[in-house]
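K.L.:
Structure file model-v8.cif, mmCIF, C-alpha atoms, is pasted below:
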data_run
#
loop_
_atom_site.label_atom_id
_atom_site.label_comp_id
_atom_site.auth_asym_id
_atom_site.auth_seq_id
_atom_site.Cartn_x
_atom_site.Cartn_y
_atom_site.Cartn_z
CA MET I 1 -130.72 -38.50 10.45
CA ARG I 2 -131.32 -40.59 7.34
CA ILE I 3 -133.49 -43.69 7.35
CA LYS I 4 -130.61 -45.87 6.17
CA ASP I 5 -128.69 -44.82 9.28
CA LEU I 6 -131.48 -46.11 11.50
CA TYR I 7 -132.51 -49.33 9.74
CA THR I 8 -130.61 -51.86 7.66
CA TYR I 9 -131.50 -51.82 3.98
CA ASN I 10 -131.81 -55.35 2.57
CA LYS I 11 -130.83 -55.13 -1.11
CA GLN I 12 -131.80 -58.73 -1.84
CA LEU I 13 -135.39 -58.22 -0.70
CA ASP I 14 -135.54 -54.49 -1.56
CA SER I 15 -136.77 -53.76 1.95
CA TYR I 16 -135.75 -52.38 5.31
CA ASP I 17 -134.88 -54.70 8.19
CA ILE I 18 -136.10 -53.74 11.62
CA GLU I 19 -133.56 -55.59 13.72
CA ILE I 20 -134.40 -56.62 17.27
CA ALA I 21 -131.87 -58.41 19.47
CA ILE I 22 -133.36 -60.94 21.90
CA ASP I 23 -131.93 -63.70 24.07
CA HIS I 24 -135.10 -65.78 24.45
CA TYR I 25 -138.42 -66.02 22.65
CA GLN I 26 -140.15 -64.80 25.82
CA ASP I 27 -138.43 -61.42 25.38
CA VAL I 28 -140.81 -60.73 22.48
CA PHE I 29 -143.95 -61.28 24.54
CA ASN I 30 -145.69 -59.48 27.38
CA THR I 31 -144.43 -61.05 30.61
CA TRP I 32 -147.81 -60.45 32.31
CA ASP I 33 -149.69 -62.47 29.67
CA ALA I 34 -150.24 -66.06 30.82
CA ALA I 35 -151.67 -67.24 27.48
CA PRO I 36 -149.92 -69.93 25.41
CA LEU I 37 -147.07 -68.66 23.21
CA LYS I 38 -149.17 -68.50 20.03
CA ARG I 39 -151.80 -66.28 21.70
CA LYS I 40 -149.58 -64.04 23.82
CA ASP I 41 -149.56 -60.28 23.42
CA ILE I 42 -146.42 -58.68 22.05
CA GLU I 43 -144.29 -56.80 24.59
CA PRO I 44 -145.70 -53.23 24.79
CA ASP I 45 -142.24 -51.63 24.42
CA LEU I 46 -141.62 -53.72 21.30
CA MET I 47 -145.00 -52.69 19.85
CA GLU I 48 -144.16 -49.06 20.52
CA TYR I 49 -140.77 -49.49 18.82
CA LEU I 50 -142.40 -51.16 15.80
CA GLU I 51 -145.00 -48.41 15.60
CA GLN I 52 -142.27 -45.74 15.63
CA ALA I 53 -140.29 -47.64 13.00
CA GLY I 54 -143.47 -47.79 10.93
CA TYR I 55 -143.63 -44.00 11.00
CA ASP I 56 -139.91 -43.67 10.20
CA ILE I 57 -139.93 -45.96 7.15
CA PRO I 58 -142.12 -44.73 4.27
CA LEU I 59 -145.25 -46.85 3.77
CA LYS I 60 -144.27 -47.60 0.17
CA LYS I 61 -141.21 -49.50 1.36
CA LYS I 62 -141.32 -53.13 2.44
CA VAL I 63 -140.09 -54.09 5.88
CA ASN I 64 -138.84 -57.25 7.55
CA ILE I 65 -138.88 -57.86 11.26
CA VAL I 66 -135.56 -59.49 12.04
CA PHE I 67 -134.92 -61.11 15.41
CA ILE I 68 -131.26 -61.65 16.19
CA MET I 69 -130.64 -64.23 18.88
CA PRO I 70 -128.00 -66.67 20.10
CA LYS I 71 -127.66 -69.66 17.80
CA ASN I 72 -128.02 -72.19 20.62
CA ALA I 73 -131.33 -70.56 21.70
CA ARG I 74 -133.11 -70.93 18.37
CA VAL I 75 -135.93 -73.49 18.05
CA SER I 76 -137.82 -73.71 14.76
CA LYS I 77 -141.14 -74.63 16.43
CA LYS I 78 -140.97 -71.54 18.65
CA GLU I 79 -140.05 -69.42 15.66
CA THR I 80 -143.19 -70.63 13.88
CA LEU I 81 -145.32 -69.94 16.97
CA THR I 82 -143.78 -66.48 17.30
CA LYS I 83 -144.62 -65.70 13.67
CA GLU I 84 -148.21 -66.86 14.24
CA ALA I 85 -148.43 -64.76 17.41
CA PHE I 86 -147.26 -61.69 15.51
CA GLU I 87 -149.84 -62.31 12.79
CA MET I 88 -152.60 -62.65 15.38
CA GLN I 89 -151.44 -59.53 17.22
CA PHE I 90 -151.38 -57.39 14.08
CA LYS I 91 -154.79 -58.68 12.96
CA TYR I 92 -156.15 -57.85 16.40
CA MET I 93 -154.58 -54.36 16.34
CA ILE I 94 -156.05 -53.71 12.88
CA SER I 95 -159.52 -54.75 14.10
CA VAL I 96 -159.16 -52.42 17.12
CA LYS I 97 -158.18 -49.52 14.84
CA ASN I 98 -161.14 -50.32 12.55
CA LYS I 99 -163.49 -50.18 15.55
CA ASP I 100 -161.96 -46.88 16.64
CA ILE I 101 -162.42 -45.43 13.15
CA ASN I 102 -166.05 -46.61 13.01
CA PHE I 103 -166.70 -45.15 16.47
CA ASN I 104 -165.23 -41.85 15.29
CA TYR I 105 -167.51 -41.86 12.24
CA ARG I 106 -170.53 -42.31 14.51
CA ARG I 107 -169.33 -39.45 16.76
CA MET I 108 -168.67 -37.30 13.72
CA PHE I 109 -172.16 -37.94 12.34
CA THR I 110 -173.76 -37.18 15.73
CA PHE I 111 -171.81 -33.93 16.09
CA PHE I 112 -172.67 -32.93 12.53
CA ILE I 113 -176.41 -33.53 13.00
CA ALA I 114 -176.42 -31.73 16.37
CA SER I 115 -174.56 -28.78 14.84
CA ILE I 116 -177.04 -28.53 11.96
CA ILE I 117 -179.93 -28.60 14.45
CA LEU I 118 -178.40 -25.87 16.62
CA ILE I 119 -177.38 -23.59 13.74
CA SER I 120 -180.77 -24.06 12.02
CA SER I 121 -182.60 -23.39 15.28
CA ASN I 122 -180.62 -20.19 15.72
CA PHE I 123 -181.41 -19.11 12.18
CA PHE I 124 -185.18 -19.73 12.44
CA LEU I 125 -185.65 -18.51 16.01
CA LYS I 126 -183.62 -15.33 15.51
CA ASP I 127 -186.56 -13.50 13.89
CA ILE I 128 -189.07 -14.69 16.49
CA ALA I 129 -187.05 -13.85 19.57
CA SER I 130 -187.39 -10.53 21.32
CA SER I 131 -184.34 -8.58 22.32
CA ALA I 132 -184.45 -9.93 25.86
CA PHE I 133 -181.04 -10.74 27.29
CA VAL I 134 -181.87 -14.40 28.08
CA GLU I 135 -183.28 -15.10 24.60
CA THR I 136 -180.29 -13.46 22.92
CA LEU I 137 -177.93 -15.42 25.16
CA LEU I 138 -179.67 -18.69 24.28
CA LEU I 139 -179.58 -17.92 20.55
CA GLU I 140 -175.90 -17.00 20.67
CA GLY I 141 -175.22 -20.15 22.70
CA MET I 142 -176.97 -22.22 20.01
CA LEU I 143 -174.89 -20.60 17.29
CA ILE I 144 -171.60 -21.00 19.13
CA GLY I 145 -172.48 -24.57 20.16
CA GLY I 146 -173.44 -25.44 16.58
CA TRP I 147 -170.18 -24.14 15.16
CA PHE I 148 -168.23 -25.85 17.94
CA LEU I 149 -169.87 -29.21 17.16
CA LEU I 150 -169.27 -28.70 13.44
CA TRP I 151 -165.58 -28.04 14.16
CA ASN I 152 -165.42 -31.21 16.29
CA ALA I 153 -166.94 -33.25 13.45
CA PHE I 154 -164.34 -31.81 11.07
CA SER I 155 -161.56 -32.42 13.59
CA ILE I 156 -162.53 -36.07 13.99
CA ALA I 157 -162.77 -36.59 10.23
CA VAL I 158 -159.47 -34.97 9.38
CA LEU I 159 -157.19 -35.22 12.40
CA ASP I 160 -158.26 -38.17 14.55
CA ASN I 161 -159.09 -40.59 11.77
CA TYR I 162 -155.93 -39.67 9.87
CA LYS I 163 -153.80 -40.93 12.74
CA LEU I 164 -155.86 -44.11 13.08
CA ARG I 165 -155.76 -44.86 9.34
CA LYS I 166 -152.00 -44.28 9.27
CA ILE I 167 -151.33 -46.72 12.12
CA ARG I 168 -153.71 -49.23 10.53
CA LYS I 169 -151.65 -49.02 7.31
CA ILE I 170 -148.48 -49.57 9.34
CA PHE I 171 -149.97 -52.67 10.99
CA ASN I 172 -151.18 -53.95 7.60
CA ARG I 173 -147.65 -53.59 6.29
CA TYR I 174 -146.30 -55.55 9.27
CA LEU I 175 -148.93 -58.21 8.66
CA LYS I 176 -147.51 -58.66 5.14
CA SER I 177 -143.87 -58.43 6.23
CA SER I 178 -141.48 -61.30 6.71
CA ILE I 179 -140.41 -62.26 10.20
CA ILE I 180 -136.86 -63.52 10.07
CA PHE I 181 -134.71 -65.10 12.77
CA LYS I 182 -130.95 -64.74 12.49
CA ASP I 183 -128.04 -65.96 14.54
CA LYS I 184 -126.21 -63.37 16.63
CA MET I 185 -122.72 -62.71 15.33
CA SER I 186 -120.10 -63.31 17.99
#
Once more with this new file: its structure as structure tokens, please.

P.N.:
Amino acid sequence: MRIKDLYTYNKQLDSYDIEIAIDHYQDVFNTWDAAPLKRKDIEPDLMEYLEQAGYDIPLKKKVNIVFIMPKNARVSKKETLTKEAFEMQFKYMISVKNKDINFNYRRMFTFFIASIILISSNFFLKDIASSAFVETLLLEGMLIGGWFLLWNAFSIAVLDNYKLRKIRKIFNRYLKSSIIFKDKMS
């Protein structure tokens, strides 16, 4: 399926519109969150939908979040608060992803150092060790453990952080995107 079949292309703004139909402003927010409107969390299903849309639409393209709601339900003050809540939510999500990436870098560094220690220990102790079964088992365990930790460091650097950086880019794009409220067509 083509992207233009899934999302409306806005020729005027040269961007894609992610259209979301709501009846009330509360539909956008987590119903379990008792915070004031400006500080409420976004509905988890909506965040999941936006995240998926972020993967569907190439990062080079601009996006607009378009809420379509009944004309008689629109209130400009609530629209402003909703926009501010979205901005706060995306800034928070970006900071969470940054913390996750930094935590992964610390794990990666720890695994890398531990792997170097184990592989080096195996290399230097190999000549000293006798051919006893237990010593050979320990040396082989060091070598296997070292390579395993080195693979984990590589896996974190390439696979885990790639996903986190991608979602952070998606949230950054949403932070820069326009949030538009439109009247529902009858």

K.L.:
Would you mind reading off the distance between CA of Leu6 (chain I) and CA of Asp56 (chain I), one decimal, in Å?

P.N.:
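Computed distance, CA of Leu6 (chain I) to CA of Asp56 (chain I), equals 8.9 Å.
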
K.L.:
Figure out the distance between CA of Thr82 (chain I) and CA of Lys176 (chain I), please, to one decimal in Å.

P.N.:
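These atoms are spaced 14.9 Å apart.
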
K.L.:
What does the distance between CA of Lys11 (chain I) and CA of Ile57 (chain I) come to in Å, to one decimal place?

P.N.:
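Going from CA of Lys11 (chain I) over to CA of Ile57 (chain I) covers 15.3 Å.
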
K.L.:
For Glu48 (chain I), which residue out of I:Val66, I:Ala114, I:Ile180, I:Ile167 is the nearest one, using all atoms listed in the file?

P.N.:
I:Ile167

K.L.:
At a cut-off of 10 Å from (-152.1, -60.1, 15.9) in the coordinates of the file, what residues are picked up using all atoms listed in the file, written as an MDAnalysis selection string?

P.N.:
chainID I and resid 38:42 83:95 171 174:175

K.L.:
Take the residues just selected and output them with C-alpha atoms as a PDB file, in the coordinates of the input.

P.N.:
ATOM      1  CA  LYS I  38    -149.170 -68.500  20.030  1.00  0.00           C
ATOM      2  CA  ARG I  39    -151.800 -66.280  21.700  1.00  0.00           C
ATOM      3  CA  LYS I  40    -149.580 -64.040  23.820  1.00  0.00           C
ATOM      4  CA  ASP I  41    -149.560 -60.280  23.420  1.00  0.00           C
ATOM      5  CA  ILE I  42    -146.420 -58.680  22.050  1.00  0.00           C
ATOM      6  CA  LYS I  83    -144.620 -65.700  13.670  1.00  0.00           C
ATOM      7  CA  GLU I  84    -148.210 -66.860  14.240  1.00  0.00           C
ATOM      8  CA  ALA I  85    -148.430 -64.760  17.410  1.00  0.00           C
ATOM      9  CA  PHE I  86    -147.260 -61.690  15.510  1.00  0.00           C
ATOM     10  CA  GLU I  87    -149.840 -62.310  12.790  1.00  0.00           C
ATOM     11  CA  MET I  88    -152.600 -62.650  15.380  1.00  0.00           C
ATOM     12  CA  GLN I  89    -151.440 -59.530  17.220  1.00  0.00           C
ATOM     13  CA  PHE I  90    -151.380 -57.390  14.080  1.00  0.00           C
ATOM     14  CA  LYS I  91    -154.790 -58.680  12.960  1.00  0.00           C
ATOM     15  CA  TYR I  92    -156.150 -57.850  16.400  1.00  0.00           C
ATOM     16  CA  MET I  93    -154.580 -54.360  16.340  1.00  0.00           C
ATOM     17  CA  ILE I  94    -156.050 -53.710  12.880  1.00  0.00           C
ATOM     18  CA  SER I  95    -159.520 -54.750  14.100  1.00  0.00           C
ATOM     19  CA  PHE I 171    -149.970 -52.670  10.990  1.00  0.00           C
ATOM     20  CA  TYR I 174    -146.300 -55.550   9.270  1.00  0.00           C
ATOM     21  CA  LEU I 175    -148.930 -58.210   8.660  1.00  0.00           C
TER      22      LEU I 175
END

K.L.:
Got a sec to check which residues sit within 8 Å of (-134.4, -66.4, 17.2), counting all atoms listed in the file, and write them as a ChimeraX atom specification?

P.N.:
/I:22-25,67-71,73-75,79,181-183

K.L.:
Just the residues within 12 Å of Tyr49 (chain I), please, counting all atoms listed in the file, with nothing from its chain fewer than 3 positions along; format it as a PyMOL selection string.

P.N.:
chain I and resi 18-20+28+42-46+52-56+65

K.L.:
Those same residues, written as an mmCIF file, in the coordinates of the input with C-alpha atoms?

P.N.:
data_model
loop_
_atom_site.group_PDB
_atom_site.id
_atom_site.type_symbol
_atom_site.label_atom_id
_atom_site.label_comp_id
_atom_site.auth_asym_id
_atom_site.auth_seq_id
_atom_site.Cartn_x
_atom_site.Cartn_y
_atom_site.Cartn_z
ATOM 1 C CA ILE I 18 -136.100 -53.740 11.620
ATOM 2 C CA GLU I 19 -133.560 -55.590 13.720
ATOM 3 C CA ILE I 20 -134.400 -56.620 17.270
ATOM 4 C CA VAL I 28 -140.810 -60.730 22.480
ATOM 5 C CA ILE I 42 -146.420 -58.680 22.050
ATOM 6 C CA GLU I 43 -144.290 -56.800 24.590
ATOM 7 C CA PRO I 44 -145.700 -53.230 24.790
ATOM 8 C CA ASP I 45 -142.240 -51.630 24.420
ATOM 9 C CA LEU I 46 -141.620 -53.720 21.300
ATOM 10 C CA GLN I 52 -142.270 -45.740 15.630
ATOM 11 C CA ALA I 53 -140.290 -47.640 13.000
ATOM 12 C CA GLY I 54 -143.470 -47.790 10.930
ATOM 13 C CA TYR I 55 -143.630 -44.000 11.000
ATOM 14 C CA ASP I 56 -139.910 -43.670 10.200
ATOM 15 C CA ILE I 65 -138.880 -57.860 11.260
#

K.L.:
Which is closer to Tyr105 (chain I) than all the others in I:Leu150, I:Leu125, I:Met142, I:Ile156, using all atoms listed in the file?

P.N.:
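Nearest to Tyr105 (chain I): I:Ile156.
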
K.L.:
Of the candidates I:Ala157, I:Val63, I:Leu164, I:Leu137, which shows the shortest atom-to-atom distance to Leu50 (chain I), using all atoms listed in the file?

P.N.:
I:Val63

K.L.:
Name the residues in contact with Met108 (chain I) at a cut-off of 12 Å, using all atoms listed in the file, excluding same-chain residues fewer than 2 positions from it; report them as a PyMOL selection string.

P.N.:
chain I and resi 101-106+110-115+149-161

K.L.:
Evaluating the PyMOL selection byres ((chain I and resi 119) around 8) on the displayed file yields which residues, as a list in words?

P.N.:
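Selected by the PyMOL selection byres ((chain I and resi 119) around 8) in this file: Ser115, Ile116, Ile117, Leu118, Ser120, Ser121, Asn122, Phe123, Met142, Leu143, Gly146 and Trp147 of chain I.
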
K.L.:
My list of candidates is I:Asp5, I:Ala132, I:Leu59, I:Lys126. Which is closest to Ile170 (chain I) when distances are computed with only C-alpha atoms?

P.N.:
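Smallest distance to Ile170 (chain I) is found for I:Leu59.
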
K.L.:
Could you check which of I:Ser131, I:Glu51, I:Lys184, I:Leu81 is closest to Asn172 (chain I), using all atoms listed in the file?

P.N.:
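Closest residue, counting all atoms listed in the file: I:Glu51.
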
K.L.:
Rebuild region 138-171 of chain I so that it carries N, CA and C atoms, then output the result as a PDB file, in the frame of the given file.

P.N.:
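Now in out.pdb:
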ATOM      1  N   LEU I 138    -179.374 -17.326  24.739  1.00  0.00           N
ATOM      2  CA  LEU I 138    -179.670 -18.690  24.280  1.00  0.00           C
ATOM      3  C   LEU I 138    -179.405 -18.844  22.782  1.00  0.00           C
ATOM      4  N   LEU I 139    -179.806 -17.868  21.996  1.00  0.00           N
ATOM      5  CA  LEU I 139    -179.580 -17.920  20.550  1.00  0.00           C
ATOM      6  C   LEU I 139    -178.086 -17.910  20.218  1.00  0.00           C
ATOM      7  N   GLU I 140    -177.345 -17.042  20.896  1.00  0.00           N
ATOM      8  CA  GLU I 140    -175.900 -17.000  20.670  1.00  0.00           C
ATOM      9  C   GLU I 140    -175.241 -18.301  21.127  1.00  0.00           C
ATOM     10  N   GLY I 141    -175.733 -18.864  22.217  1.00  0.00           N
ATOM     11  CA  GLY I 141    -175.220 -20.150  22.700  1.00  0.00           C
ATOM     12  C   GLY I 141    -175.472 -21.257  21.687  1.00  0.00           C
ATOM     13  N   MET I 142    -176.659 -21.225  21.059  1.00  0.00           N
ATOM     14  CA  MET I 142    -176.970 -22.220  20.010  1.00  0.00           C
ATOM     15  C   MET I 142    -176.006 -22.077  18.832  1.00  0.00           C
ATOM     16  N   LEU I 143    -175.774 -20.837  18.424  1.00  0.00           N
ATOM     17  CA  LEU I 143    -174.890 -20.600  17.290  1.00  0.00           C
ATOM     18  C   LEU I 143    -173.459 -21.035  17.596  1.00  0.00           C
ATOM     19  N   ILE I 144    -172.968 -20.626  18.737  1.00  0.00           N
ATOM     20  CA  ILE I 144    -171.600 -21.000  19.130  1.00  0.00           C
ATOM     21  C   ILE I 144    -171.497 -22.520  19.301  1.00  0.00           C
ATOM     22  N   GLY I 145    -172.482 -23.125  19.969  1.00  0.00           N
ATOM     23  CA  GLY I 145    -172.480 -24.570  20.160  1.00  0.00           C
ATOM     24  C   GLY I 145    -172.533 -25.322  18.842  1.00  0.00           C
ATOM     25  N   GLY I 146    -173.340 -24.808  17.906  1.00  0.00           N
ATOM     26  CA  GLY I 146    -173.440 -25.440  16.580  1.00  0.00           C
ATOM     27  C   GLY I 146    -172.127 -25.414  15.836  1.00  0.00           C
ATOM     28  N   TRP I 147    -171.470 -24.232  15.841  1.00  0.00           N
ATOM     29  CA  TRP I 147    -170.180 -24.140  15.160  1.00  0.00           C
ATOM     30  C   TRP I 147    -169.113 -24.973  15.859  1.00  0.00           C
ATOM     31  N   PHE I 148    -169.179 -25.029  17.180  1.00  0.00           N
ATOM     32  CA  PHE I 148    -168.230 -25.850  17.940  1.00  0.00           C
ATOM     33  C   PHE I 148    -168.389 -27.332  17.573  1.00  0.00           C
ATOM     34  N   LEU I 149    -169.631 -27.803  17.523  1.00  0.00           N
ATOM     35  CA  LEU I 149    -169.870 -29.210  17.160  1.00  0.00           C
ATOM     36  C   LEU I 149    -169.466 -29.496  15.725  1.00  0.00           C
ATOM     37  N   LEU I 150    -169.683 -28.524  14.840  1.00  0.00           N
ATOM     38  CA  LEU I 150    -169.270 -28.700  13.440  1.00  0.00           C
ATOM     39  C   LEU I 150    -167.745 -28.792  13.352  1.00  0.00           C
ATOM     40  N   TRP I 151    -167.044 -27.968  14.125  1.00  0.00           N
ATOM     41  CA  TRP I 151    -165.580 -28.040  14.160  1.00  0.00           C
ATOM     42  C   TRP I 151    -165.132 -29.398  14.700  1.00  0.00           C
ATOM     43  N   ASN I 152    -165.791 -29.898  15.741  1.00  0.00           N
ATOM     44  CA  ASN I 152    -165.420 -31.210  16.290  1.00  0.00           C
ATOM     45  C   ASN I 152    -165.619 -32.312  15.254  1.00  0.00           C
ATOM     46  N   ALA I 153    -166.711 -32.249  14.497  1.00  0.00           N
ATOM     47  CA  ALA I 153    -166.940 -33.250  13.450  1.00  0.00           C
ATOM     48  C   ALA I 153    -165.815 -33.191  12.420  1.00  0.00           C
ATOM     49  N   PHE I 154    -165.436 -31.995  12.026  1.00  0.00           N
ATOM     50  CA  PHE I 154    -164.340 -31.810  11.070  1.00  0.00           C
ATOM     51  C   PHE I 154    -163.022 -32.320  11.654  1.00  0.00           C
ATOM     52  N   SER I 155    -162.785 -31.995  12.913  1.00  0.00           N
ATOM     53  CA  SER I 155    -161.560 -32.420  13.590  1.00  0.00           C
ATOM     54  C   SER I 155    -161.443 -33.945  13.640  1.00  0.00           C
ATOM     55  N   ILE I 156    -162.535 -34.602  13.942  1.00  0.00           N
ATOM     56  CA  ILE I 156    -162.530 -36.070  13.990  1.00  0.00           C
ATOM     57  C   ILE I 156    -162.249 -36.633  12.604  1.00  0.00           C
ATOM     58  N   ALA I 157    -162.921 -36.073  11.589  1.00  0.00           N
ATOM     59  CA  ALA I 157    -162.770 -36.590  10.230  1.00  0.00           C
ATOM     60  C   ALA I 157    -161.342 -36.419   9.717  1.00  0.00           C
ATOM     61  N   VAL I 158    -160.766 -35.267   9.972  1.00  0.00           N
ATOM     62  CA  VAL I 158    -159.470 -34.970   9.380  1.00  0.00           C
ATOM     63  C   VAL I 158    -158.304 -35.382  10.277  1.00  0.00           C
ATOM     64  N   LEU I 159    -158.350 -35.015  11.532  1.00  0.00           N
ATOM     65  CA  LEU I 159    -157.190 -35.220  12.400  1.00  0.00           C
ATOM     66  C   LEU I 159    -157.183 -36.595  13.070  1.00  0.00           C
ATOM     67  N   ASP I 160    -158.239 -36.917  13.784  1.00  0.00           N
ATOM     68  CA  ASP I 160    -158.260 -38.170  14.550  1.00  0.00           C
ATOM     69  C   ASP I 160    -158.203 -39.394  13.650  1.00  0.00           C
ATOM     70  N   ASN I 161    -159.065 -39.421  12.646  1.00  0.00           N
ATOM     71  CA  ASN I 161    -159.090 -40.590  11.770  1.00  0.00           C
ATOM     72  C   ASN I 161    -157.843 -40.708  10.911  1.00  0.00           C
ATOM     73  N   TYR I 162    -157.182 -39.601  10.621  1.00  0.00           N
ATOM     74  CA  TYR I 162    -155.930 -39.670   9.870  1.00  0.00           C
ATOM     75  C   TYR I 162    -154.900 -40.490  10.632  1.00  0.00           C
ATOM     76  N   LYS I 163    -154.763 -40.200  11.914  1.00  0.00           N
ATOM     77  CA  LYS I 163    -153.800 -40.930  12.740  1.00  0.00           C
ATOM     78  C   LYS I 163    -154.145 -42.417  12.800  1.00  0.00           C
ATOM     79  N   LEU I 164    -155.430 -42.706  12.983  1.00  0.00           N
ATOM     80  CA  LEU I 164    -155.860 -44.110  13.080  1.00  0.00           C
ATOM     81  C   LEU I 164    -155.651 -44.856  11.761  1.00  0.00           C
ATOM     82  N   ARG I 165    -155.963 -44.202  10.647  1.00  0.00           N
ATOM     83  CA  ARG I 165    -155.760 -44.860   9.340  1.00  0.00           C
ATOM     84  C   ARG I 165    -154.284 -45.088   9.068  1.00  0.00           C
ATOM     85  N   LYS I 166    -153.451 -44.145   9.477  1.00  0.00           N
ATOM     86  CA  LYS I 166    -152.000 -44.280   9.270  1.00  0.00           C
ATOM     87  C   LYS I 166    -151.455 -45.482  10.058  1.00  0.00           C
ATOM     88  N   ILE I 167    -151.828 -45.595  11.320  1.00  0.00           N
ATOM     89  CA  ILE I 167    -151.330 -46.720  12.120  1.00  0.00           C
ATOM     90  C   ILE I 167    -151.909 -48.043  11.612  1.00  0.00           C
ATOM     91  N   ARG I 168    -153.132 -48.013  11.112  1.00  0.00           N
ATOM     92  CA  ARG I 168    -153.710 -49.230  10.530  1.00  0.00           C
ATOM     93  C   ARG I 168    -152.917 -49.657   9.297  1.00  0.00           C
ATOM     94  N   LYS I 169    -152.485 -48.700   8.478  1.00  0.00           N
ATOM     95  CA  LYS I 169    -151.650 -49.020   7.310  1.00  0.00           C
ATOM     96  C   LYS I 169    -150.304 -49.605   7.750  1.00  0.00           C
ATOM     97  N   ILE I 170    -149.758 -49.051   8.818  1.00  0.00           N
ATOM     98  CA  ILE I 170    -148.480 -49.570   9.340  1.00  0.00           C
ATOM     99  C   ILE I 170    -148.662 -51.013   9.790  1.00  0.00           C
ATOM    100  N   PHE I 171    -149.734 -51.297  10.533  1.00  0.00           N
ATOM    101  CA  PHE I 171    -149.970 -52.670  10.990  1.00  0.00           C
ATOM    102  C   PHE I 171    -150.253 -53.611   9.824  1.00  0.00           C
TER     103      PHE I 171
END
